[in-house]
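Below is the file model_8.cif, which contains mmCIF, C-alpha atoms.
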data_final
loop_
_atom_site.label_atom_id
_atom_site.label_comp_id
_atom_site.auth_asym_id
_atom_site.auth_seq_id
_atom_site.Cartn_x
_atom_site.Cartn_y
_atom_site.Cartn_z
CA MET H 24 -11.05 -22.85 17.58
CA GLY H 25 -10.39 -22.44 13.86
CA ILE H 26 -12.26 -21.10 10.86
CA GLU H 27 -13.13 -23.25 7.86
CA PHE H 28 -13.86 -21.48 4.57
CA LYS H 29 -16.81 -22.94 2.66
CA PRO H 30 -17.77 -21.14 -0.57
CA GLN H 31 -21.30 -22.00 -1.64
CA ASN H 32 -22.25 -22.50 -5.27
CA LYS H 33 -25.48 -20.56 -5.31
CA ASN H 34 -26.83 -17.10 -6.06
CA GLN H 35 -29.81 -16.00 -4.01
CA ASN H 36 -29.57 -12.24 -4.55
CA ASN H 37 -31.53 -11.82 -7.76
CA SER H 38 -33.29 -8.47 -7.80
CA SER H 39 -35.90 -9.75 -10.26
CA THR H 40 -37.23 -12.10 -7.57
CA GLY H 41 -37.85 -9.25 -5.16
CA ALA H 42 -34.91 -10.19 -2.94
CA VAL H 43 -33.21 -7.59 -0.77
CA ALA H 44 -30.84 -5.37 -2.78
CA PRO H 45 -27.09 -6.00 -2.40
CA VAL H 46 -25.43 -3.76 0.17
CA ILE H 47 -22.53 -3.07 -2.20
CA LEU H 48 -22.65 -2.85 -6.00
CA GLY H 49 -19.62 -2.96 -8.24
CA LEU H 50 -19.62 -1.28 -11.64
CA GLN H 51 -17.40 -3.17 -14.08
CA PRO H 52 -18.64 -2.11 -17.52
CA SER H 53 -16.86 -5.04 -19.19
CA ALA H 54 -16.61 -8.44 -17.56
CA LEU H 55 -12.96 -9.44 -17.66
CA VAL H 56 -10.92 -12.63 -17.63
CA ASP H 57 -7.33 -12.51 -16.34
CA HIS H 58 -4.48 -14.62 -17.72
CA VAL H 59 -1.89 -14.60 -14.91
CA ALA H 60 1.70 -15.85 -15.23
CA ARG H 61 5.03 -15.43 -13.45
CA VAL H 62 7.58 -14.32 -16.05
CA ASP H 63 11.18 -13.13 -16.29
CA TRP H 64 12.18 -9.48 -16.67
CA SER H 65 13.06 -9.74 -20.35
CA LEU H 66 9.41 -10.09 -21.41
CA LEU H 67 8.39 -6.95 -19.50
CA SER H 68 10.85 -4.89 -21.53
CA ARG H 69 9.26 -6.03 -24.81
CA ILE H 70 5.62 -5.21 -24.20
CA PRO H 71 3.87 -1.83 -24.66
CA GLY H 72 3.94 0.56 -21.70
CA GLU H 73 5.98 0.69 -18.52
CA PRO H 74 6.50 -2.28 -16.19
CA GLY H 75 4.34 -2.20 -13.08
CA GLY H 76 1.31 -0.37 -14.44
CA SER H 77 -2.01 -1.20 -16.06
CA PHE H 78 -2.87 0.25 -19.43
CA PRO H 79 -5.13 -0.95 -22.28
CA VAL H 80 -3.66 -2.70 -25.33
CA GLU H 81 -5.15 -3.76 -28.65
CA ALA H 82 -6.17 -7.34 -29.44
CA GLU H 83 -3.06 -7.93 -31.55
CA ASP H 84 -0.81 -6.82 -28.68
CA LEU H 85 -2.62 -9.11 -26.23
CA LYS H 86 -2.27 -12.07 -28.59
CA CYS H 87 1.42 -11.32 -29.09
CA ILE H 88 2.06 -11.12 -25.33
CA LEU H 89 0.23 -14.39 -24.65
CA ASN H 90 2.21 -16.11 -27.41
CA GLN H 91 5.47 -15.06 -25.70
CA VAL H 92 4.48 -16.00 -22.16
CA ASN H 93 5.38 -19.71 -22.36
CA THR H 94 9.00 -18.94 -23.30
CA HIS H 95 9.41 -16.57 -20.34
CA ILE H 96 7.70 -18.52 -17.56
CA LEU H 97 9.30 -18.58 -14.10
CA ALA H 98 8.98 -21.85 -12.21
CA SER H 99 6.57 -21.51 -9.27
CA PRO H 100 6.01 -24.21 -6.63
CA GLU H 101 2.74 -22.53 -5.63
CA SER H 102 1.21 -22.86 -9.10
CA VAL H 103 0.29 -26.14 -10.79
CA SER H 104 -0.16 -24.43 -14.16
CA PRO H 105 2.27 -21.83 -15.55
CA LEU H 106 -0.68 -19.75 -16.85
CA LYS H 107 -3.69 -19.22 -14.59
CA THR H 108 -6.96 -18.05 -16.17
CA ILE H 109 -9.55 -16.60 -13.76
CA ALA H 110 -12.42 -14.12 -13.62
CA GLY H 111 -10.81 -10.75 -13.01
CA GLY H 112 -11.01 -7.00 -13.08
CA SER H 113 -10.37 -4.71 -10.12
CA VAL H 114 -14.03 -4.21 -9.21
CA ALA H 115 -14.84 -7.91 -9.58
CA ASN H 116 -11.92 -8.74 -7.28
CA THR H 117 -13.19 -6.31 -4.63
CA ILE H 118 -16.80 -7.47 -4.86
CA ARG H 119 -15.85 -11.16 -4.85
CA GLY H 120 -13.69 -10.58 -1.79
CA LEU H 121 -16.50 -8.84 0.08
CA ALA H 122 -18.97 -11.62 -0.73
CA ALA H 123 -16.69 -14.61 -0.27
CA GLY H 124 -14.57 -13.55 2.66
CA PHE H 125 -16.73 -11.08 4.58
CA GLY H 126 -20.27 -12.24 3.86
CA VAL H 127 -21.41 -8.84 2.57
CA THR H 128 -24.21 -9.10 0.00
CA CYS H 129 -22.81 -7.80 -3.27
CA GLY H 130 -23.84 -7.39 -6.89
CA ILE H 131 -22.07 -6.47 -10.09
CA ILE H 132 -23.28 -4.18 -12.89
CA GLY H 133 -21.85 -4.59 -16.36
CA ALA H 134 -21.93 -6.78 -19.44
CA CYS H 135 -20.22 -9.92 -20.66
CA GLY H 136 -20.02 -11.74 -23.96
CA ASP H 137 -21.63 -15.02 -24.92
CA ASP H 138 -18.29 -16.80 -25.16
CA GLU H 139 -16.13 -19.13 -23.09
CA GLN H 140 -14.62 -16.22 -21.14
CA GLY H 141 -18.07 -14.84 -20.39
CA SER H 142 -19.23 -18.20 -19.06
CA LEU H 143 -16.13 -18.43 -16.87
CA PHE H 144 -16.82 -14.99 -15.42
CA ILE H 145 -20.49 -15.75 -14.71
CA ASP H 146 -19.72 -19.11 -13.12
CA ASN H 147 -17.10 -17.57 -10.86
CA MET H 148 -19.33 -14.74 -9.66
CA ASN H 149 -22.17 -17.20 -9.07
CA PHE H 150 -19.91 -19.52 -7.12
CA TYR H 151 -19.12 -16.78 -4.61
CA ASN H 152 -22.73 -15.59 -4.25
CA VAL H 153 -22.26 -12.35 -6.16
CA ASP H 154 -25.60 -11.13 -7.55
CA ILE H 155 -25.28 -11.12 -11.36
CA SER H 156 -28.85 -10.07 -12.13
CA ARG H 157 -27.52 -6.68 -13.30
CA LEU H 158 -24.94 -8.26 -15.63
CA ARG H 159 -26.10 -7.94 -19.25
CA LEU H 160 -25.32 -10.87 -21.56
CA LYS H 161 -24.57 -9.72 -25.11
CA ASN H 162 -23.37 -11.18 -28.37
CA GLY H 163 -19.64 -10.63 -28.72
CA PRO H 164 -16.28 -11.16 -26.99
CA THR H 165 -15.60 -10.77 -23.27
CA ALA H 166 -12.68 -8.53 -22.29
CA GLN H 167 -9.37 -10.15 -21.36
CA CYS H 168 -6.25 -9.05 -19.51
CA VAL H 169 -2.75 -10.46 -19.26
CA CYS H 170 -1.19 -10.11 -15.78
CA LEU H 171 2.57 -10.59 -15.78
CA VAL H 172 4.20 -11.15 -12.39
CA ASP H 173 7.97 -10.74 -11.96
CA GLU H 174 10.20 -12.66 -9.55
CA LEU H 175 9.67 -10.02 -6.83
CA GLY H 176 5.87 -10.35 -7.01
CA ASN H 177 5.29 -7.05 -8.83
CA ARG H 178 2.60 -7.19 -11.53
CA THR H 179 2.28 -5.58 -14.93
CA MET H 180 -1.24 -5.62 -16.40
CA ARG H 181 -2.31 -5.15 -20.00
CA PRO H 182 -6.10 -5.32 -20.44
CA CYS H 183 -7.62 -5.64 -23.89
CA LEU H 184 -10.95 -3.81 -23.94
CA SER H 185 -11.21 -2.77 -27.60
CA GLY H 186 -14.08 -4.58 -29.28
CA ALA H 187 -15.13 -6.21 -26.02
CA ILE H 188 -18.72 -6.24 -24.82
CA LYS H 189 -19.57 -3.50 -22.30
CA VAL H 190 -22.58 -1.92 -20.67
CA GLU H 191 -23.55 1.48 -22.09
CA ALA H 192 -24.47 4.59 -20.13
CA ASN H 193 -28.06 4.60 -21.43
CA GLU H 194 -28.71 1.04 -20.21
CA PHE H 195 -28.77 1.85 -16.50
CA LYS H 196 -32.05 1.81 -14.61
CA ARG H 197 -32.79 3.27 -11.21
CA GLU H 198 -33.85 -0.23 -10.15
CA ASP H 199 -30.24 -1.34 -10.65
CA PHE H 200 -29.17 0.86 -7.72
CA LYS H 201 -32.27 1.10 -5.54
CA GLY H 202 -31.78 -0.14 -2.00
CA SER H 203 -27.99 -0.52 -2.12
CA LYS H 204 -25.59 1.48 0.07
CA TRP H 205 -22.33 1.66 -1.89
CA LEU H 206 -21.23 1.78 -5.52
CA VAL H 207 -17.65 0.65 -6.21
CA LEU H 208 -15.85 2.08 -9.28
CA ARG H 209 -12.44 2.00 -10.96
CA TYR H 210 -11.19 5.00 -12.92
CA ALA H 211 -10.89 4.34 -16.67
CA ILE H 212 -10.95 6.88 -19.46
CA LEU H 213 -12.71 4.47 -21.83
CA ASN H 214 -15.54 4.13 -19.33
CA LEU H 215 -15.84 7.76 -18.27
CA GLU H 216 -19.31 8.30 -19.75
CA VAL H 217 -20.55 5.10 -18.12
CA ILE H 218 -18.99 6.11 -14.79
CA HIS H 219 -20.65 9.52 -14.80
CA ALA H 220 -24.05 8.02 -15.70
CA ALA H 221 -23.80 5.43 -12.92
CA ILE H 222 -22.75 8.02 -10.34
CA GLU H 223 -25.66 10.29 -11.26
CA ILE H 224 -28.26 7.58 -10.68
CA ALA H 225 -26.46 6.21 -7.63
CA LYS H 226 -26.51 9.61 -5.96
CA GLN H 227 -30.20 10.01 -6.76
CA GLU H 228 -30.76 6.70 -4.95
CA GLY H 229 -28.67 7.73 -1.95
CA LEU H 230 -25.62 5.51 -2.54
CA SER H 231 -22.11 6.41 -1.45
CA VAL H 232 -19.43 6.05 -4.14
CA SER H 233 -15.97 4.49 -3.85
CA LEU H 234 -13.32 5.12 -6.52
CA ASP H 235 -10.02 3.36 -7.17
CA LEU H 236 -7.48 5.32 -9.26
CA ALA H 237 -6.61 2.24 -11.37
CA SER H 238 -2.92 2.77 -12.26
CA PHE H 239 -0.18 5.39 -12.39
CA GLU H 240 -0.34 5.25 -16.20
CA MET H 241 -4.07 6.02 -16.22
CA VAL H 242 -3.62 8.93 -13.77
CA ARG H 243 -0.64 10.31 -15.68
CA LYS H 244 -2.27 10.23 -19.13
CA PHE H 245 -5.77 11.25 -18.07
CA ARG H 246 -5.23 13.37 -14.97
CA GLN H 247 -7.49 16.26 -15.94
CA PRO H 248 -10.72 14.24 -16.32
CA LEU H 249 -9.87 12.57 -13.02
CA LEU H 250 -9.52 15.94 -11.31
CA HIS H 251 -12.89 17.02 -12.71
CA LEU H 252 -14.44 13.83 -11.31
CA LEU H 253 -12.94 14.42 -7.87
CA GLU H 254 -13.89 18.11 -7.90
CA SER H 255 -17.51 17.15 -8.58
CA ARG H 256 -17.58 15.94 -4.95
CA SER H 257 -19.54 12.88 -6.00
CA ILE H 258 -16.78 10.53 -4.76
CA ASP H 259 -17.12 9.63 -1.08
CA LEU H 260 -14.16 7.27 -0.75
CA CYS H 261 -10.99 7.25 -2.86
CA PHE H 262 -8.16 4.70 -2.93
CA ALA H 263 -4.74 5.46 -4.44
CA ASN H 264 -1.48 3.57 -4.24
CA GLU H 265 1.84 5.35 -3.85
CA ASP H 266 2.60 5.50 -7.59
CA GLU H 267 -0.87 6.83 -8.41
CA ALA H 268 -0.51 9.41 -5.65
CA THR H 269 2.75 10.60 -7.22
CA GLU H 270 1.10 11.10 -10.60
CA LEU H 271 -1.91 12.81 -9.03
CA LEU H 272 0.36 15.51 -7.59
CA ARG H 273 2.66 15.83 -10.60
CA ASP H 274 1.82 19.51 -11.16
CA GLU H 275 1.33 20.40 -7.50
CA ASN H 276 3.77 22.16 -5.16
CA GLU H 277 3.37 19.61 -2.38
CA GLN H 278 4.53 16.03 -3.06
CA GLY H 279 4.51 12.69 -1.27
CA PRO H 280 1.86 10.28 0.08
CA GLU H 281 0.79 12.58 2.91
CA ALA H 282 0.25 15.47 0.50
CA ALA H 283 -1.74 13.19 -1.79
CA LEU H 284 -3.86 12.10 1.16
CA ASP H 285 -4.65 15.72 2.02
CA PHE H 286 -5.41 16.45 -1.64
CA LEU H 287 -7.90 13.57 -1.89
CA ALA H 288 -9.45 14.38 1.48
CA LYS H 289 -10.39 17.84 0.21
CA HIS H 290 -12.77 16.20 -2.23
CA CYS H 291 -13.79 12.93 -0.48
CA GLN H 292 -15.09 11.96 2.96
CA TRP H 293 -12.58 9.13 3.20
CA ALA H 294 -9.15 9.11 1.52
CA VAL H 295 -6.70 6.21 1.55
CA VAL H 296 -3.17 5.93 0.15
CA THR H 297 -1.74 2.42 0.24
CA LEU H 298 2.03 2.09 0.64
CA GLY H 299 2.68 -1.55 -0.25
CA PRO H 300 4.86 -3.26 2.38
CA ASN H 301 4.79 -0.03 4.42
CA GLY H 302 1.05 -0.26 5.06
CA CYS H 303 -1.29 2.67 4.43
CA ILE H 304 -2.39 6.10 5.55
CA ALA H 305 -6.01 7.22 5.66
CA LYS H 306 -7.97 10.35 6.48
CA HIS H 307 -11.59 11.04 7.43
CA GLY H 308 -12.43 14.60 8.38
CA LYS H 309 -9.58 15.71 10.65
CA GLU H 310 -8.64 12.20 11.69
CA VAL H 311 -5.50 10.72 10.12
CA VAL H 312 -4.22 7.20 10.79
CA ARG H 313 -1.20 5.18 9.68
CA VAL H 314 -1.40 1.38 9.77
CA LEU H 315 1.45 -1.03 9.10
CA ALA H 316 1.17 -3.94 6.70
CA VAL H 317 0.84 -7.46 8.12
CA LYS H 318 4.47 -8.61 8.24
CA GLU H 319 3.59 -12.30 7.88
CA ALA H 320 2.28 -11.67 4.35
CA LYS H 321 4.95 -12.92 1.95
CA ALA H 322 4.38 -11.48 -1.52
CA VAL H 323 4.15 -14.03 -4.33
CA ASP H 324 2.00 -11.84 -6.58
CA ALA H 325 0.80 -8.28 -5.88
CA THR H 326 -2.15 -8.69 -8.30
CA GLY H 327 -5.34 -7.72 -6.46
CA ALA H 328 -3.60 -6.37 -3.33
CA GLY H 329 -5.29 -2.97 -3.63
CA ASP H 330 -8.58 -4.54 -4.68
CA LEU H 331 -8.71 -6.80 -1.64
CA PHE H 332 -7.53 -4.00 0.64
CA ALA H 333 -10.62 -2.14 -0.57
CA SER H 334 -12.76 -5.20 0.28
CA GLY H 335 -11.58 -5.12 3.87
CA PHE H 336 -11.86 -1.36 4.22
CA LEU H 337 -15.40 -1.32 2.82
CA TYR H 338 -16.35 -4.19 5.12
CA GLY H 339 -15.15 -2.06 8.00
CA LEU H 340 -17.25 0.90 6.90
CA VAL H 341 -20.33 -1.29 6.50
CA LYS H 342 -19.77 -2.68 10.00
CA GLY H 343 -19.30 0.80 11.48
CA LEU H 344 -15.66 0.26 12.48
CA SER H 345 -13.24 3.06 13.25
CA LEU H 346 -10.93 4.46 10.56
CA GLU H 347 -7.96 2.62 12.02
CA GLU H 348 -9.88 -0.66 12.21
CA CYS H 349 -11.00 -0.29 8.59
CA CYS H 350 -7.35 0.04 7.59
CA ARG H 351 -6.30 -2.92 9.71
CA VAL H 352 -8.96 -5.16 8.15
CA GLY H 353 -7.85 -3.93 4.73
CA SER H 354 -4.27 -4.78 5.59
CA CYS H 355 -5.32 -8.33 6.50
CA SER H 356 -7.39 -8.89 3.35
CA GLY H 357 -4.82 -7.23 1.08
CA GLY H 358 -2.11 -9.35 2.66
CA SER H 359 -4.06 -12.55 2.07
CA VAL H 360 -4.29 -12.21 -1.72
CA ILE H 361 -0.58 -11.59 -2.35
CA ARG H 362 0.31 -15.00 -0.90
CA SER H 363 -0.60 -16.79 -4.16
CA LEU H 364 -0.93 -16.14 -7.89
CA GLY H 365 -3.91 -14.08 -9.13
CA GLY H 366 -6.57 -11.87 -7.59
CA GLU H 367 -8.77 -14.67 -6.22
CA ILE H 368 -8.11 -15.72 -2.61
CA SER H 369 -7.75 -19.44 -1.93
CA PRO H 370 -9.50 -21.11 1.05
CA GLU H 371 -6.12 -21.47 2.76
CA ASN H 372 -5.45 -17.75 2.46
CA TRP H 373 -8.91 -16.83 3.74
CA GLN H 374 -8.00 -18.96 6.76
CA TRP H 375 -4.80 -16.96 7.09
CA MET H 376 -6.74 -13.68 6.95
CA TYR H 377 -9.23 -14.75 9.62
CA LYS H 378 -6.32 -15.76 11.86
CA GLN H 379 -4.71 -12.32 11.43
CA MET H 380 -8.02 -10.63 12.23
CA GLN H 381 -8.42 -12.75 15.35
CA ILE H 382 -4.88 -11.91 16.47
CA GLN H 383 -5.67 -8.20 16.08
CA GLU H 384 -9.07 -8.67 17.77
CA LEU H 385 -10.92 -7.35 14.73
CA PRO H 386 -14.61 -8.24 14.44
CA ILE H 387 -15.59 -10.98 12.01
CA THR H 388 -19.18 -11.27 10.77
CA GLU H 389 -21.30 -13.89 12.54
CA PRO H 390 -20.37 -17.31 11.13
CA GLY H 391 -23.97 -18.07 10.19
CA LYS H 392 -23.97 -15.12 7.80
CA LEU H 393 -20.68 -16.00 6.13
CA SER H 394 -19.43 -18.72 3.79
CA TYR H 395 -17.26 -20.24 6.49
CA GLU H 396 -17.83 -22.07 9.75
CA VAL H 397 -16.14 -21.75 13.14
CA LYS H 398 -14.84 -25.13 14.24
CA ASP H 399 -13.97 -26.21 17.78
#
Kindly present the structure from the file in structure tokens form.
Amino acid sequence: MGIEFKPQNKNQNNSSTGAVAPVILGLQPSALVDHVARVDWSLLSRIPGEPGGSFPVEAEDLKCILNQVNTHILASPESVSPLKTIAGGSVANTIRGLAAGFGVTCGIIGACGDDEQGSLFIDNMNFYNVDISRLRLKNGPTAQCVCLVDELGNRTMRPCLSGAIKVEANEFKREDFKGSKWLVLRYAILNLEVIHAAIEIAKQEGLSVSLDLASFEMVRKFRQPLLHLLESRSIDLCFANEDEATELLRDENEQGPEAALDFLAKHCQWAVVTLGPNGCIAKHGKEVVRVLAVKEAKAVDATGAGDLFASGFLYGLVKGLSLEECCRVGSCSGGSVIRSLGGEISPENWQWMYKQMQIQELPITEPGKLSYEVKD
């Protein structure tokens, strides 16, 4: 028995029609398009910021980086085109993964421009059944990001958000959140007002809130506002990778992933620190688990690994799985996206994920409720 992935090009979750609210909402204030390429090390040394992180750049910097990409491309047998352009953004990756791979009803809140990039983003979300009824269409440019992947699969991201269309804090309505169970966020200093406004309404409507720490650069430069957000106790679930965890504890006596996990768990119900090829550690109440990464996952591109780990972990929470099972599902979904270029999982890699879940005897949503079929 195998599993065949079948994405469906339709969107039935429009709140304006009175349909049931999405279980999980993602807040991505600016719709984003990723330009992903495998490049040599020399380019990474020429661009603003440190290799391996994610930090905003101006439009001129983005244009300059894109102009240099073609002369630094690494040959890749997995990619037909040296530059791959796809709908992106951390939250969009997580939401798309939940909808496409796990059959969880999802919606996205934000805004996109009336340009080619905006159309690409809308078409992609629609294709994977993500509810876009809360996505505001505005006059202006859609945000873009260049994702540079080195020969080891490590990614360096430089988003350009300045001047891009975004949703504003005063545009939210309680109807945007009513009936949903989770709100998924990514920490960003430029969106802090929007984040606080969304959390306030979400909590009024009874939603739980998930936060990703974004990047070590973001945590390092804007640690204090992040601490205030965590100390507000409005975050129920927090994801950090090892580098972000290091920056989070920069001024603390205790260091290391385990110390970071304890630190986050003081403020959140669920805390997770991902450790790349070494798996992850997670804590809920007094329970602490450590789960290894799926060894069969060969890293071509780490873009979206944390985002898709979050997809699997949130799926586990929605299904009522144990803390360890949530981490194991996250390990499978995170492992599936790193097998090819970009943060969008191919049908072949969804197949790989389902196989890993079957091997580990992890529950998969009933086939009739998912965009794939079980075949004899």
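Taking atom CA of Val295 of chain H and atom CA of Pro52 of chain H as endpoints, the distance between them is 24.0 Å.
The interatomic distance for the pair atom CA of Pro79 of chain H and atom CA of Ile212 of chain H works out to 10.2 Å.
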**Request:** Can you pull out every residue within 8 Å of Ile188 of chain H, counting only C-alpha atoms, but drop anything in the same chain fewer than 4 positions away, and send it as a count of residues only?
**Result:** 11
**Asked** Could you work out how far atom CA of Pro74 of chain H lies from atom CA of Val190 of chain H, giving the answer in Å with one decimal?
**Response**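 Going from atom CA of Val190 of chain H over to atom CA of Pro74 of chain H, I get 29.4 Å.
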**Item:** Best match for closeness to Phe200 of chain H among H:Pro45, H:Gly124, H:Gly176, H:Pro182, counting all atoms listed in the file
**Value:**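 Closest candidate: H:Pro45.
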**Nearest-residue call for Pro248 of chain H, choices H:Ser142, H:Glu228, H:Asn214, H:Leu331, using only C-alpha atoms** =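 Answer, going by the shortest atom-to-atom distance: H:Asn214.
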**Request:** Go through H:Asp154, H:Glu267, H:Glu223, H:Glu198 one by one, measure the shortest atom-to-atom distance of each to Tyr210 of chain H using all atoms listed in the file, and give the residue with the smallest value.
**Result:**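 Smallest distance to Tyr210 of chain H is found for H:Glu267.
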Kindly write N, CA, C and O atoms of segment 330-350 of chain H from the structure just given to a file, as a tab-separated table (two decimals), in the first residue's frame.
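This went into part.tsv:
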chain	number	residue	atom	x	y	z
H	330	ASP	N	10.17	25.77	9.31
H	330	ASP	CA	8.77	26.06	9.00
H	330	ASP	C	7.96	24.77	8.88
H	330	ASP	O	6.84	24.67	9.39
H	331	LEU	N	8.53	23.79	8.18
H	331	LEU	CA	7.81	22.53	7.99
H	331	LEU	C	7.86	21.65	9.23
H	331	LEU	O	6.95	20.86	9.46
H	332	PHE	N	8.90	21.80	10.05
H	332	PHE	CA	8.88	21.14	11.35
H	332	PHE	C	7.68	21.65	12.14
H	332	PHE	O	6.95	20.87	12.77
H	333	ALA	N	7.47	22.96	12.10
H	333	ALA	CA	6.33	23.56	12.81
H	333	ALA	C	5.01	23.01	12.28
H	333	ALA	O	4.06	22.78	13.04
H	334	SER	N	4.92	22.79	10.96
H	334	SER	CA	3.70	22.20	10.37
H	334	SER	C	3.39	20.87	11.03
H	334	SER	O	2.26	20.60	11.46
H	335	GLY	N	4.41	20.01	11.09
H	335	GLY	CA	4.20	18.69	11.67
H	335	GLY	C	3.88	18.73	13.14
H	335	GLY	O	3.02	17.99	13.63
H	336	PHE	N	4.57	19.60	13.87
H	336	PHE	CA	4.33	19.70	15.32
H	336	PHE	C	2.92	20.20	15.59
H	336	PHE	O	2.21	19.66	16.45
H	337	LEU	N	2.49	21.23	14.85
H	337	LEU	CA	1.14	21.76	15.04
H	337	LEU	C	0.08	20.73	14.64
H	337	LEU	O	-0.97	20.62	15.29
H	338	TYR	N	0.34	19.97	13.59
H	338	TYR	CA	-0.57	18.88	13.22
H	338	TYR	C	-0.72	17.92	14.40
H	338	TYR	O	-1.84	17.49	14.73
H	339	GLY	N	0.40	17.61	15.03
H	339	GLY	CA	0.34	16.71	16.18
H	339	GLY	C	-0.49	17.27	17.31
H	339	GLY	O	-1.29	16.55	17.93
H	340	LEU	N	-0.34	18.56	17.60
H	340	LEU	CA	-1.14	19.18	18.66
H	340	LEU	C	-2.63	19.16	18.31
H	340	LEU	O	-3.47	18.86	19.16
H	341	VAL	N	-2.94	19.47	17.06
H	341	VAL	CA	-4.34	19.47	16.63
H	341	VAL	C	-4.95	18.07	16.75
H	341	VAL	O	-6.11	17.91	17.11
H	342	LYS	N	-4.14	17.05	16.49
H	342	LYS	CA	-4.61	15.67	16.55
H	342	LYS	C	-4.59	15.10	17.97
H	342	LYS	O	-5.05	13.98	18.20
H	343	GLY	N	-4.05	15.87	18.93
H	343	GLY	CA	-3.99	15.39	20.30
H	343	GLY	C	-2.89	14.39	20.56
H	343	GLY	O	-3.00	13.56	21.48
H	344	LEU	N	-1.80	14.44	19.78
H	344	LEU	CA	-0.70	13.51	19.97
H	344	LEU	C	0.15	13.90	21.18
H	344	LEU	O	0.08	15.02	21.67
H	345	SER	N	0.96	12.97	21.62
H	345	SER	CA	1.87	13.23	22.73
H	345	SER	C	2.96	14.19	22.30
H	345	SER	O	3.19	14.42	21.10
H	346	LEU	N	3.69	14.74	23.26
H	346	LEU	CA	4.78	15.67	22.96
H	346	LEU	C	5.84	14.99	22.09
H	346	LEU	O	6.32	15.58	21.11
H	347	GLU	N	6.19	13.77	22.42
H	347	GLU	CA	7.19	13.06	21.62
H	347	GLU	C	6.68	12.82	20.20
H	347	GLU	O	7.43	12.98	19.22
H	348	GLU	N	5.42	12.42	20.05
H	348	GLU	CA	4.87	12.19	18.72
H	348	GLU	C	4.82	13.47	17.90
H	348	GLU	O	5.09	13.45	16.69
H	349	CYS	N	4.49	14.59	18.54
H	349	CYS	CA	4.50	15.88	17.83
H	349	CYS	C	5.89	16.15	17.26
H	349	CYS	O	6.03	16.59	16.11
H	350	CYS	N	6.91	15.89	18.05
H	350	CYS	CA	8.28	16.12	17.60
H	350	CYS	C	8.66	15.15	16.48
H	350	CYS	O	9.35	15.54	15.52
